[in-house]
>>> print(open('protein_1.txt').read())   # compact mmCIF, C-alpha atoms
# COMPACT_ATOMS: atom_id res chain seq x y z
CA MET A 339 73.15 20.55 -140.37
CA GLU A 340 75.27 23.18 -138.58
CA LEU A 341 78.28 24.96 -140.03
CA ASP A 342 80.46 23.81 -137.12
CA GLU A 343 79.72 20.16 -137.80
CA LEU A 344 81.09 20.43 -141.33
CA LYS A 345 83.93 22.78 -140.48
CA SER A 346 86.87 20.51 -141.18
CA LEU A 347 85.31 18.95 -144.28
CA LEU A 348 84.47 22.35 -145.73
CA ASN A 349 87.93 23.64 -144.98
CA HIS A 350 89.42 20.63 -146.69
CA LYS A 351 87.20 21.01 -149.74
CA LEU A 352 87.98 24.71 -150.08
CA SER A 353 91.71 24.24 -150.03
CA THR A 354 92.05 21.14 -152.21
CA ASP A 355 90.52 22.36 -155.46
CA HIS A 356 93.79 23.22 -157.13
CA THR A 357 96.82 21.65 -158.67
CA GLY A 358 99.30 23.90 -156.91
CA ARG A 359 101.82 26.26 -158.41
CA SER A 360 105.57 26.00 -158.33
CA GLU A 361 107.84 28.84 -157.22
CA LYS A 362 108.64 29.37 -160.90
CA ASP A 363 104.93 29.81 -161.71
CA ILE A 364 104.55 32.31 -158.88
CA ALA A 365 107.62 34.24 -160.05
CA ALA A 366 106.09 34.42 -163.54
CA LEU A 367 102.86 35.83 -162.08
CA LEU A 368 104.77 38.74 -160.53
CA THR A 369 105.59 40.09 -163.99
CA LYS A 370 101.93 40.27 -165.08
CA LYS A 371 99.70 43.35 -165.11
CA THR A 372 97.10 43.87 -162.39
CA VAL A 373 93.44 44.65 -163.03
CA SER A 374 92.53 45.93 -159.56
CA VAL A 375 90.54 49.13 -159.12
CA THR A 376 93.49 50.94 -157.53
CA ASP A 377 95.62 50.14 -160.56
CA LYS A 378 92.83 51.16 -162.92
CA LEU A 379 92.58 54.40 -160.97
CA LYS A 380 96.35 54.87 -161.09
CA ARG A 381 96.31 54.43 -164.87
CA SER A 382 93.53 57.05 -165.15
CA LEU A 383 95.51 59.42 -162.94
CA TRP A 384 98.69 58.97 -165.01
CA ILE A 385 96.73 59.72 -168.20
CA GLU A 386 95.33 62.87 -166.57
CA ILE A 387 98.82 63.89 -165.48
CA ALA A 388 100.15 63.44 -169.04
CA CYS A 389 97.24 65.46 -170.47
CA CYS A 390 97.70 68.21 -167.87
CA LEU A 391 101.42 68.48 -168.60
CA LEU A 392 100.73 68.68 -172.32
CA VAL A 393 98.12 71.40 -171.79
CA ILE A 394 100.40 73.32 -169.42
CA VAL A 395 103.32 73.25 -171.89
CA ILE A 396 101.33 74.08 -175.05
CA PHE A 397 98.90 76.56 -173.51
CA GLY A 398 101.66 78.03 -171.35
CA TYR A 399 103.68 78.69 -174.50
CA TRP A 400 100.70 80.36 -176.23
CA GLY A 401 99.98 82.25 -173.03
CA LEU A 402 103.46 83.71 -173.07
CA PHE A 403 104.09 84.13 -176.78
CA GLY A 404 100.59 84.27 -178.34
CA ALA A 405 99.97 86.80 -181.12
CA ASN A 406 96.90 88.45 -179.55
CA HIS A 407 96.35 89.98 -176.14
CA SER A 408 93.13 87.99 -175.62
CA PHE A 409 94.82 84.73 -176.69
CA ARG A 410 97.61 85.25 -174.17
CA ILE A 411 95.18 85.81 -171.27
CA TYR A 412 92.90 82.96 -172.35
CA PHE A 413 95.64 80.34 -172.63
CA SER A 414 97.43 81.55 -169.49
CA VAL A 415 94.24 81.10 -167.43
CA PHE A 416 93.77 77.64 -168.94
CA ALA A 417 97.37 76.71 -168.08
CA VAL A 418 97.07 78.02 -164.49
CA LEU A 419 93.85 76.04 -163.93
CA SER A 420 95.60 72.94 -165.28
CA ILE A 421 98.49 73.46 -162.84
CA GLY A 422 95.96 73.45 -159.97
CA PHE A 423 94.31 70.31 -161.29
CA LEU A 424 97.72 68.66 -161.76
CA GLY A 425 98.49 69.27 -158.06
CA ILE A 426 95.25 67.53 -157.03
CA ILE A 427 95.89 64.60 -159.39
CA ILE A 428 99.44 64.10 -158.05
CA TYR A 429 98.08 64.13 -154.48
CA LEU A 430 95.48 61.48 -155.37
CA LEU A 431 98.08 59.37 -157.16
CA ARG A 432 100.28 59.40 -154.05
CA ARG A 433 97.32 58.35 -151.88
CA THR A 434 96.46 55.52 -154.28
CA THR A 435 100.06 54.30 -154.43
CA ARG A 436 100.26 54.37 -150.62
CA LEU A 437 97.05 52.36 -150.41
CA SER A 438 98.43 49.64 -152.75
CA ALA A 439 101.47 49.26 -150.52
CA THR A 440 99.57 48.72 -147.26
CA THR A 441 97.25 46.08 -145.87
CA LEU A 442 94.42 47.82 -144.08
CA PRO A 443 91.48 46.10 -142.39
CA VAL A 444 88.76 45.33 -144.95
CA LYS A 445 86.37 48.12 -143.91
CA HIS A 446 89.08 50.77 -143.75
CA ASN A 447 90.42 49.62 -147.13
CA LEU A 448 86.98 49.89 -148.73
CA GLN A 449 86.40 53.34 -147.24
CA THR A 450 89.78 54.59 -148.48
CA ILE A 451 89.13 53.34 -152.03
CA VAL A 452 85.68 54.96 -152.07
CA ASN A 453 87.11 58.25 -150.73
CA ILE A 454 89.82 58.35 -153.38
CA ILE A 455 87.43 57.57 -156.25
CA GLU A 456 84.88 60.10 -155.01
CA GLU A 457 87.56 62.75 -154.58
CA PHE A 458 88.85 62.07 -158.10
CA THR A 459 85.42 62.18 -159.76
CA LYS A 460 84.45 65.29 -157.78
CA ARG A 461 87.61 67.19 -158.71
CA TYR A 462 87.44 66.00 -162.33
CA PHE A 463 83.88 67.26 -162.58
CA GLN A 464 84.72 70.58 -160.89
CA PHE A 465 87.69 71.10 -163.21
CA THR A 466 85.66 70.34 -166.34
CA MET A 467 82.88 72.64 -165.21
CA ALA A 468 85.35 75.40 -164.35
CA LEU A 469 86.58 75.24 -167.93
CA ILE A 470 83.13 76.14 -169.28
CA PRO A 471 83.24 79.83 -168.29
CA VAL A 472 86.89 79.98 -169.29
CA CYS A 473 86.26 78.37 -172.68
CA PHE A 474 83.17 80.28 -173.68
CA ILE A 475 82.27 83.38 -171.69
CA PHE A 476 85.82 84.41 -170.90
CA ALA A 477 86.89 83.76 -174.50
CA PHE A 478 84.05 85.85 -175.91
CA VAL A 479 84.61 88.73 -173.50
CA LEU A 480 88.33 88.75 -174.16
CA GLY A 481 87.88 88.47 -177.92
CA TYR A 482 85.31 91.26 -177.93
CA ASN A 483 87.51 93.58 -175.92
CA ASP A 484 90.75 92.76 -177.69
CA PRO A 485 92.26 96.03 -178.98
CA GLU A 486 93.74 94.16 -181.95
CA HIS A 487 91.58 92.52 -184.61
CA ILE A 488 91.75 88.76 -184.92
CA PRO A 489 91.72 88.19 -188.70
CA SER A 490 90.42 84.60 -188.58
CA ALA A 491 87.52 85.60 -186.29
CA ASP A 492 86.68 88.54 -188.54
CA ARG A 493 86.71 86.34 -191.64
CA PHE A 494 84.42 83.80 -189.96
CA ALA A 495 81.94 86.47 -188.81
CA LYS A 496 81.81 88.16 -192.20
CA SER A 497 81.26 84.99 -194.19
CA TYR A 498 78.41 83.61 -192.05
CA PHE A 499 76.59 86.58 -190.49
CA SER A 500 75.16 89.75 -191.93
CA ALA A 501 73.88 91.40 -188.71
CA LEU A 502 75.09 91.71 -185.13
CA TRP A 503 71.98 90.00 -183.68
CA GLN A 504 72.83 86.88 -185.68
CA VAL A 505 76.26 86.74 -184.07
CA VAL A 506 74.73 87.19 -180.61
CA VAL A 507 72.12 84.44 -181.19
CA PHE A 508 74.80 82.11 -182.57
CA ALA A 509 77.11 82.79 -179.61
CA ILE A 510 74.37 82.16 -177.02
CA ALA A 511 73.13 78.99 -178.74
CA TYR A 512 76.70 77.74 -179.12
CA MET A 513 77.53 78.36 -175.44
CA LEU A 514 74.29 76.81 -174.19
CA LEU A 515 74.56 73.70 -176.31
CA LEU A 516 78.17 73.06 -175.44
CA THR A 517 77.65 73.79 -171.73
CA VAL A 518 74.70 71.40 -171.46
CA GLY A 519 76.48 68.83 -173.63
CA LEU A 520 79.69 68.99 -171.64
CA TYR A 521 77.82 68.82 -168.32
CA TYR A 522 75.91 65.68 -169.24
CA PHE A 523 78.81 64.07 -171.05
CA THR A 524 81.12 64.51 -168.00
CA LYS A 525 78.44 63.14 -165.67
CA TRP A 526 77.85 60.15 -167.97
CA TYR A 527 81.58 59.50 -168.39
CA LEU A 528 82.32 59.53 -164.65
CA LYS A 529 79.27 57.43 -163.92
CA LYS A 530 80.28 54.89 -166.55
CA LEU A 531 83.81 54.71 -165.15
CA TYR A 532 83.20 54.23 -161.44
CA SER A 533 79.62 54.69 -160.21
CA ARG A 534 78.58 51.02 -160.28
CA TYR A 535 81.79 50.02 -158.62
CA VAL A 536 81.52 52.67 -155.90
CA ALA A 537 77.91 51.63 -155.25
CA GLN A 538 79.01 48.01 -154.75
CA LEU A 539 81.82 49.04 -152.39
CA LYS A 540 79.40 51.22 -150.42
CA GLU A 541 77.07 48.26 -150.07
CA CYS A 542 79.94 46.27 -148.53
CA ILE A 543 80.79 49.16 -146.15
CA ALA A 544 77.13 49.46 -145.12
CA GLU A 545 77.01 45.73 -144.49
CA LEU A 546 80.12 45.92 -142.32
CA SER A 547 78.77 48.94 -140.42
CA GLY A 548 75.42 47.32 -139.65
CA GLU A 549 74.90 44.61 -137.08
CA MET B 50 113.92 46.35 -150.12
CA PRO B 51 111.79 43.19 -149.80
CA SER B 52 113.35 40.02 -151.18
CA GLU B 53 111.43 38.52 -154.10
CA LYS B 54 112.88 35.09 -153.43
CA GLU B 55 111.78 35.13 -149.81
CA PHE B 56 108.30 36.33 -150.82
CA ILE B 57 107.89 33.62 -153.46
CA SER B 58 108.98 30.96 -151.01
CA LEU B 59 106.51 32.17 -148.36
CA LEU B 60 103.70 32.45 -150.87
CA ASN B 61 104.42 28.99 -152.19
CA GLN B 62 104.05 27.58 -148.67
CA HIS B 63 100.78 29.45 -148.09
CA GLN B 64 99.20 29.29 -151.56
CA ARG B 65 96.30 27.18 -150.28
CA ILE B 66 95.02 30.36 -148.59
CA ILE B 67 94.77 32.08 -151.95
CA TYR B 68 93.11 29.03 -153.51
CA LYS B 69 90.56 28.96 -150.72
CA VAL B 70 89.68 32.60 -151.28
CA CYS B 71 89.52 32.10 -155.07
CA ASN B 72 87.32 29.03 -154.74
CA LEU B 73 84.95 30.82 -152.44
CA TYR B 74 84.64 34.04 -154.42
CA MET B 75 84.70 32.88 -158.03
CA ASP B 76 82.55 30.31 -159.80
CA LEU B 77 84.36 30.11 -163.09
CA HIS B 78 87.78 28.55 -163.42
CA SER B 79 89.08 31.43 -165.55
CA ASP B 80 87.91 33.97 -162.95
CA ARG B 81 89.61 31.99 -160.19
CA GLU B 82 92.85 32.06 -162.18
CA ASP B 83 92.53 35.83 -162.64
CA LEU B 84 91.84 36.35 -158.96
CA PHE B 85 94.79 34.16 -157.98
CA GLN B 86 97.04 36.30 -160.15
CA GLU B 87 95.58 39.52 -158.75
CA ILE B 88 96.02 38.42 -155.12
CA THR B 89 99.60 37.33 -155.80
CA LEU B 90 100.42 40.69 -157.37
CA GLN B 91 98.72 42.70 -154.64
CA ALA B 92 100.52 40.66 -151.98
CA TRP B 93 103.84 41.34 -153.67
CA LYS B 94 103.10 45.08 -153.87
CA ALA B 95 102.16 45.19 -150.20
CA TYR B 96 104.90 42.82 -149.03
CA GLY B 97 106.98 45.78 -147.82
CA SER B 98 104.27 46.43 -145.21
CA PHE B 99 104.61 42.92 -143.77
CA ARG B 100 106.70 43.44 -140.67
CA GLY B 101 106.69 39.92 -139.33
CA ASP B 102 104.94 40.86 -136.08
CA ALA B 103 101.87 39.00 -137.35
CA LYS B 104 101.79 35.56 -138.92
CA PHE B 105 102.30 35.57 -142.69
CA SER B 106 99.09 33.56 -143.09
CA THR B 107 97.06 36.22 -141.25
CA TRP B 108 98.64 38.98 -143.32
CA LEU B 109 98.00 37.03 -146.54
CA TYR B 110 94.36 36.47 -145.58
CA ARG B 111 93.94 40.20 -145.17
CA VAL B 112 95.48 40.94 -148.58
CA ALA B 113 93.52 38.13 -150.26
CA LEU B 114 90.17 39.17 -148.78
CA ASN B 115 90.75 42.85 -149.55
CA THR B 116 91.53 41.92 -153.14
CA ALA B 117 88.65 39.48 -153.52
CA ILE B 118 86.07 41.86 -152.07
CA THR B 119 87.16 44.72 -154.35
CA PHE B 120 87.54 42.45 -157.39
CA PHE B 121 84.54 42.88 -159.63
CA ARG B 122 83.95 41.11 -162.88
CA LYS B 123 81.35 41.91 -165.48
CA GLU B 124 78.26 39.80 -164.88
CA LYS B 125 78.68 36.40 -166.44
CA LYS B 126 76.25 33.54 -166.67
CA LYS B 127 76.61 31.38 -163.59
CA PRO B 128 77.92 27.91 -164.40
CA GLU B 129 75.32 25.19 -164.30
CA THR B 130 77.30 23.16 -161.81
CA TYR B 131 78.04 24.42 -158.36
CA LEU B 132 81.60 24.88 -157.24
CA SER B 133 81.34 21.87 -154.99
CA ASP B 134 80.59 19.67 -158.01
CA SER B 135 83.98 20.43 -159.45
CA LEU B 136 85.85 19.50 -156.29
CA PRO B 137 87.75 16.24 -156.10
CA GLU B 138 85.86 13.23 -154.89
CA GLN B 139 86.83 11.98 -151.44
CA ALA B 140 84.70 8.87 -151.20
CA ASP B 141 87.08 7.33 -148.73
CA VAL B 142 86.73 10.26 -146.34
CA ILE B 143 83.14 11.27 -146.67
CA ASP B 144 80.14 9.01 -147.06
CA ASN B 145 77.44 9.95 -149.57
CA ARG B 146 75.09 11.55 -147.07
CA GLU B 147 77.82 13.63 -145.54
CA GLU B 148 79.04 14.63 -148.97
CA GLU B 149 75.55 15.80 -149.91
CA GLN B 150 75.47 17.89 -146.76
CA VAL B 151 78.86 19.39 -147.46
CA LYS B 152 77.79 20.20 -151.02
CA ALA B 153 74.58 21.79 -149.79
CA MET B 154 76.45 23.81 -147.18
CA TYR B 155 79.03 24.79 -149.77
CA ALA B 156 76.34 25.99 -152.15
CA ALA B 157 74.72 27.97 -149.33
CA ILE B 158 78.06 29.64 -148.51
CA GLY B 159 78.45 30.45 -152.21
CA ASP B 160 75.20 32.43 -152.08
CA LEU B 161 76.34 34.60 -149.16
CA SER B 162 77.42 38.21 -149.65
CA LYS B 163 81.10 38.99 -150.13
CA ILE B 164 81.42 40.22 -146.54
CA ASP B 165 79.68 37.20 -145.04
CA LYS B 166 81.87 34.89 -147.13
CA ALA B 167 84.97 36.55 -145.69
CA ILE B 168 83.70 36.14 -142.12
CA VAL B 169 82.81 32.47 -142.72
CA MET B 170 86.21 31.80 -144.24
CA LEU B 171 88.06 33.25 -141.26
CA TYR B 172 85.72 31.40 -138.90
CA LEU B 173 86.48 28.12 -140.66
CA GLU B 174 90.17 28.88 -140.16
CA ASP B 175 89.54 29.03 -136.39
CA TYR B 176 90.31 32.71 -135.98
CA SER B 177 88.75 34.19 -132.86
CA TYR B 178 86.00 36.84 -133.14
CA GLN B 179 88.55 39.37 -131.94
CA GLU B 180 90.98 38.44 -134.74
CA ILE B 181 88.22 38.36 -137.35
CA GLY B 182 87.10 41.79 -136.15
CA GLU B 183 90.62 43.17 -136.49
CA MET B 184 90.93 41.83 -140.03
CA MET B 185 87.51 43.06 -141.11
CA GLY B 186 87.73 46.40 -139.28
CA ILE B 187 84.72 45.80 -137.03
CA THR B 188 84.24 44.91 -133.36
CA ALA B 189 84.33 41.36 -132.00
CA ASN B 190 80.72 41.86 -130.85
CA ASN B 191 79.66 42.74 -134.35
CA VAL B 192 81.42 39.62 -135.66
CA ALA B 193 79.58 37.48 -133.11
CA VAL B 194 76.22 38.93 -134.12
CA LYS B 195 76.97 38.47 -137.81
CA MET B 196 78.26 34.94 -137.29
CA SER B 197 75.14 33.93 -135.43
CA ARG B 198 72.96 35.32 -138.24
CA ILE B 199 75.10 33.62 -140.89
CA LYS B 200 74.92 30.25 -139.13
CA THR B 201 71.13 30.43 -138.99
CA LYS B 202 70.94 31.41 -142.63
CA LEU B 203 73.30 28.62 -143.69
CA LYS B 204 71.34 26.05 -141.69
CA GLU B 205 68.07 27.09 -143.33
CA GLU B 206 69.57 27.21 -146.81
CA THR B 207 71.26 23.82 -146.38
CA GLN B 208 67.99 22.26 -145.25
CA LYS B 209 66.22 23.76 -148.24
CA GLN B 210 68.90 22.43 -150.59
CA LEU B 211 68.77 18.95 -149.09
CA ALA B 212 64.98 18.90 -149.19
CA THR B 213 64.90 19.73 -152.90
CA ASN B 214 67.48 17.02 -153.76
>>> encode(input="protein_1.txt", output="C-alpha cells")
Amino acid sequence: MELDELKSLLNHKLSTDHTGRSEKDIAALLTKKTVSVTDKLKRSLWIEIACCLLVIVIFGYWGLFGANHSFRIYFSVFAVLSIGFLGIIIYLLRRTTRLSATTLPVKHNLQTIVNIIEEFTKRYFQFTMALIPVCFIFAFVLGYNDPEHIPSADRFAKSYFSALWQVVVFAIAYMLLLTVGLYYFTKWYLKKLYSRYVAQLKECIAELSGE
Amino acid sequence: MPSEKEFISLLNQHQRIIYKVCNLYMDLHSDREDLFQEITLQAWKAYGSFRGDAKFSTWLYRVALNTAITFFRKEKKKPETYLSDSLPEQADVIDNREEEQVKAMYAAIGDLSKIDKAIVMLYLEDYSYQEIGEMMGITANNVAVKMSRIKTKLKEETQKQLATN
C-alpha cells in the first residue's frame, strides 16, 4: 500500500483526533509558561546575569574599599572578569530572544539553537576556568606579597602549621584538588544541562544535510 | 503591536494544524496537550514576524514543526496502543481492510524520525517539494530524494505490519 493511496484518509485521521478548543481556551493558554529550550536557555541566562550583577556590585565594593591591598586587587580582577562575562551573556540573551520572535526554516532554526547553546557552554566553561588562576594562584601571590599582614590568615596559619613546608604542601594540594574538582564539576554540569539535547539537535541537522 | 484578538481568531481557525503536528509527534495524550500549549505560545511570541505575505497556515506549520522538532521529553514508556487506535472510528467512511491499512501506515509514520515526519506531514498537506524545501531549509531536490526513500520505507513497514496482523 502506497502513501499516496491513503493520503486523504491519513490526513483526515491526523486532524480529527481532538475535541477542539474555543477562543477562550486559546486565550488562557497564552498566559501559561513555556518549556521550550530557548526559554530554558533564557532562564539560565537571566540567572547568570543576576549572579554576575551581584558579584560585580559586592566584589566591586570590596575592590574599591577593601581593607587590604591584596583584597582590593583580587576582588577588582574578579569584578572586571564578571563584567566581561556579563557582556557575553547579554549578547547571547539578545540572540535567544530574537530567535524566539522569528520563524526560521527548520534547519536554520536548529543550527541557530545549537550555536547559541554551544556558545553559552563554551563561554561559561572558559569563564569558570579563568577564575581558577584568579581564585588560587593570584590570591596566594597577592596575599604573600601584601605589605600589610592579614590577621585572619596569620591566625589560620599559626594554628594549623608549624613549618613553612607544611603551608606549601597544603597550598599545592588545596589548589590541585579544587582545580581538578572545579574542572570536572563544570564539565559534568554543562553536559547534564544541554549535551544530550544538543546531540539530538545535531542528529536532526545531519539528517537534513544528508540526502 | 500584534493584536491578541486577531491572533486567537486566526489560531482558532487553524488549530487542526497544531493538532495534526501534536498527534504525529506525541504518543501520550498529556504530551500532546503540552505540545499544543507550547506551539500556541511559540506562535504567539513569533506572531510579530508574520507579515501576511505568506499564508497563515504555512507560517503556522513552520512554527509548529520547529517547536515539535525541538521539543524533547524525558523518555517515557510507549503506550501499548498505537496512536491510530485512539482515533475516532469512521466505519461509514472506511471499510475494515482499508482501516487496517491506514492504521498500519499510521504506525509506520509514527516510527519515522522527527525530520521525516515533518516532510511526510507537509507532503500530505499537498505542499510542493519547493515549498517543503523552503520550510525545512533544504533544496527541492533533497526533498524529492528524501520523499522517495520515505515512501519506500513506509511501504515496506506497512506490509510488515499487515503481514504480522
>>> interface_residues(input="protein_1.txt", of="chain B", to="chain A", cutoff="8 Å", atoms="all atoms listed in the file", output="VMD selection string")
chain B and resid 57 to 58 61 64 to 66 68 to 69 72 to 73 86 to 87 89 to 91 93 to 98 108 111 to 112 114 to 116 119 to 121 133 135 to 137 150 to 151 154 to 155 163 to 164 173 to 174 183 to 187 191 194 to 195 200 203 to 204 207 to 208
>>> residues_around(input="protein_1.txt", residues="region 472-488 of chain A", least_positions_apart="5", cutoff="9 Å", atoms="only C-alpha atoms", output="list in words")
Asn406, His407, Ser408, Phe409, Ile411, Tyr412, Val415, Phe416, Arg493, Ala509, Tyr512, Met513, Leu516 and Thr517 of chain A
>>> atom_distance(input="protein_1.txt", atom1="CA of Arg100 (chain B)", atom2="CA of Arg381 (chain A)")
28.5 Å
>>> atom_distance(input="protein_1.txt", atom1="CA of Leu520 (chain A)", atom2="CA of Thr459 (chain A)")
14.8 Å
>>> atom_distance(input="protein_1.txt", atom1="CA of Leu469 (chain A)", atom2="CA of Tyr527 (chain A)")
16.5 Å
>>> closest_residue(input="protein_1.txt", among="A:Lys525, A:Ala511, A:Glu456, A:Leu502", to="Ala537 (chain A)", atoms="only C-alpha atoms")
A:Glu456
>>> closest_residue(input="protein_1.txt", among="B:Gly182, B:Ile168, B:Asp175, B:Asp160", to="Lys202 (chain B)", atoms="all atoms listed in the file")
B:Asp160
>>> closest_residue(input="protein_1.txt", among="B:Leu60, B:Leu211, B:Val192, B:Met170", to="Arg146 (chain B)", atoms="only C-alpha atoms")
B:Leu211
>>> residues_around(input="protein_1.txt", residues="Tyr74 (chain B)", least_positions_apart="2", cutoff="9 Å", atoms="all atoms listed in the file", output="VMD selection string")
chain B and resid 69 to 72 76 81 84 117 to 118 159 163 166
>>> closest_residue(input="protein_1.txt", among="B:Ala92, B:Leu77, B:Glu53, B:Glu206", to="Ala156 (chain B)", atoms="all atoms listed in the file")
B:Glu206
